[in-house]
Structure formats: C-alpha cells, structure tokens
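Chemist: Sharing start09.cif below, mmCIF, C-alpha atoms and all ligand atoms:
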```cif
data_entry
#
loop_
_atom_site.label_atom_id
_atom_site.label_comp_id
_atom_site.auth_asym_id
_atom_site.auth_seq_id
_atom_site.Cartn_x
_atom_site.Cartn_y
_atom_site.Cartn_z
CA MET D 1 124.28 92.14 88.25
CA GLU D 2 122.25 92.84 85.22
CA ILE D 3 122.11 96.29 83.80
CA ARG D 4 118.76 97.13 82.38
CA LYS D 5 118.34 99.58 79.60
CA GLU D 6 114.95 100.80 80.53
CA GLU D 7 114.94 103.96 82.56
CA PRO D 8 114.69 103.43 86.27
CA LYS D 9 111.18 103.74 87.52
CA ILE D 10 110.60 105.48 90.76
CA LYS D 11 108.68 103.71 93.43
CA CYS D 12 106.54 104.99 96.22
CA LEU D 13 108.52 105.41 99.40
CA CYS D 14 105.65 104.01 101.44
CA CYS D 15 104.16 101.12 99.53
CA ASP D 16 106.74 100.42 96.82
CA LYS D 17 104.25 100.89 94.05
CA MET D 18 105.52 102.19 90.71
CA LEU D 19 104.92 105.86 90.31
CA THR D 20 103.42 107.44 87.25
CA ASP D 21 105.25 110.31 85.61
CA PHE D 22 102.94 112.66 87.38
CA GLU D 23 103.57 111.13 90.78
CA ALA D 24 107.29 110.86 90.21
CA THR D 25 107.64 114.52 89.32
CA ARG D 26 105.71 115.91 92.24
CA LYS D 27 107.95 118.11 94.31
CA HIS D 28 107.80 119.88 97.59
CA ALA D 29 107.21 123.51 96.72
CA VAL D 30 109.56 124.82 99.37
CA THR D 31 112.44 122.37 99.46
CA GLY D 32 112.22 121.29 95.86
CA MET D 33 112.59 117.68 96.95
CA PHE D 34 110.74 115.01 95.08
CA ILE D 35 107.92 113.62 97.16
CA ASP D 36 108.08 110.13 95.64
CA LEU D 37 104.73 108.98 96.90
CA CYS D 38 101.89 107.40 95.01
CA GLN D 39 98.54 109.15 94.95
CA GLN D 40 97.15 107.07 97.78
CA CYS D 41 100.05 107.55 100.16
CA PHE D 42 100.36 111.15 99.14
CA LYS D 43 96.73 111.77 99.93
CA THR D 44 97.19 110.25 103.35
CA VAL D 45 100.14 112.49 104.02
CA GLN D 46 98.42 115.46 102.52
CA SER D 47 95.30 115.06 104.62
CA ASP D 48 97.52 114.97 107.68
CA SER D 49 99.81 117.83 106.88
CA HIS D 50 99.15 120.15 104.04
CA LEU D 51 102.36 119.98 102.11
CA PRO D 52 102.95 122.69 99.62
CA THR D 53 103.76 120.86 96.43
CA LYS D 54 104.53 121.55 92.86
CA ASP D 55 103.30 119.02 90.41
CA ARG D 56 103.22 118.61 86.72
CA GLN D 57 99.56 118.85 85.87
CA ASP D 58 100.50 118.27 82.26
CA LEU D 59 101.69 114.79 83.18
CA ILE D 60 98.58 113.80 85.06
CA SER D 61 96.80 110.85 83.57
CA ALA D 62 93.74 108.80 84.26
CA ASP D 63 95.89 106.50 86.36
CA ASP D 64 96.52 109.34 88.73
CA MET D 65 92.86 109.91 89.30
CA ASP D 66 91.54 106.43 89.78
CA ASP D 67 89.72 107.31 92.95
CA SER D 68 86.07 107.94 92.46
CA VAL D 69 86.20 111.57 91.63
CA GLU D 70 82.84 113.15 91.51
CA GLU D 71 82.13 115.28 88.55
CA GLU D 72 82.45 118.87 89.52
CA ASP D 73 83.83 120.17 86.33
CA ASP D 74 81.41 123.01 85.99
CA ASN D 75 83.08 125.41 88.35
CA HIS D 76 86.73 125.12 89.15
CA VAL D 77 86.93 126.55 92.62
CA ASP D 78 90.47 125.63 93.46
CA SER D 79 92.43 126.90 90.53
CA LYS D 80 95.70 127.65 92.21
CA ASP D 81 98.41 129.16 90.18
CA TYR D 82 101.92 128.52 91.24
ZN ZN E 1 102.32 104.46 98.05
#
```
Now, as a test, write the supplied structure out as structure tokens.

Modeler:
Amino acid sequence: MEIRKEEPKIKCLCCDKMLTDFEATRKHAVTGMFIDLCQQCFKTVQSDSHLPTKDRQDLISADDMDDSVEEEDDNHVDSKDY
C-alpha cells in the first residue's frame, strides 16, 4: 500500500466525484454532519427535502456554480444569515 502525501480528497457519496473545498465543508445545520455531496447530487437531494445546511460561502468558487446561473445580482432576495 502506498501512502500518499497529498491530503485526502473527499468524494461525493453518490457519484464519487471529487468535491471542491466548498462542497466538502458543507454541513448539516442541525446534526453538524458533513453532507459530502457534489453540487449536482446535493441539488437533487435539496430539491427533494430541504436540508438545513451550513456552508462556507467563502470557499465557494466558480466550479461550484457551473450550472447556468442566470444573472440576478441586482437584488439579493435570499440573503439568509446563519
Ligand atoms: Zn455527486
């Protein structure tokens, strides 16, 4: 067995895709458990059941928002503060 020096990357529980820092640090707001899902799988879950989550908005990157997001920057309606 080889021991790698690089830090272990976390993979999506559903599709085994590597998670970004943002995805890997997303937690369930109530249980504090890491969600460990990529954006796509998370969205699927989220649209099904609205999980309360805590995420690190400071870690979000362009990779985390690769879906065609329409530009609605003018008025931030959903500015939730946790
Ligand atoms: Zn996934």

Chemist: Taking only C-alpha atoms and all ligand atoms into account, which residues are within 6 Å of ligand ZN 1 (chain E), as a ChimeraX atom specification?

Modeler: /D:12,14-15,17,37-38,40-41

Chemist: Could you please determine the separation between atom CA of Ser47 of chain D and atom CA of Ser61 of chain D in Å, to one decimal place?

Modeler: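 A separation of 21.5 Å between them.
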
Chemist: If I take atom CA of Thr31 of chain D and atom CA of Ala62 of chain D, how far is one from the other in Å, to one decimal?

Modeler: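 These atoms are spaced 27.7 Å apart.
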
Chemist: Got a sec: who's within 10 Å of Ile10 of chain D, counting only C-alpha atoms, leaving out chain neighbours fewer than 6 positions off, as a PyMOL selection string?

Modeler: chain D and resi 16-21+23-25+36-38

Chemist: Name all residues at most 10 Å from Lys27 of chain D (count all atoms listed in the file; drop same-chain ones fewer than 6 positions away) and give them as a list in words.

Modeler: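 Using all atoms listed in the file, the neighbours found are Met33, Phe34, Ile35, Asp36, Leu51, Pro52, Thr53, Lys54, Asp55 and Arg56 of chain D.
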
Chemist: In Å, with one decimal, what is the gap from atom CA of Lys43 of chain D to atom CA of Leu13 of chain D?

Modeler: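 Value for the atom CA of Lys43 of chain D-atom CA of Leu13 of chain D distance: 13.4 Å.
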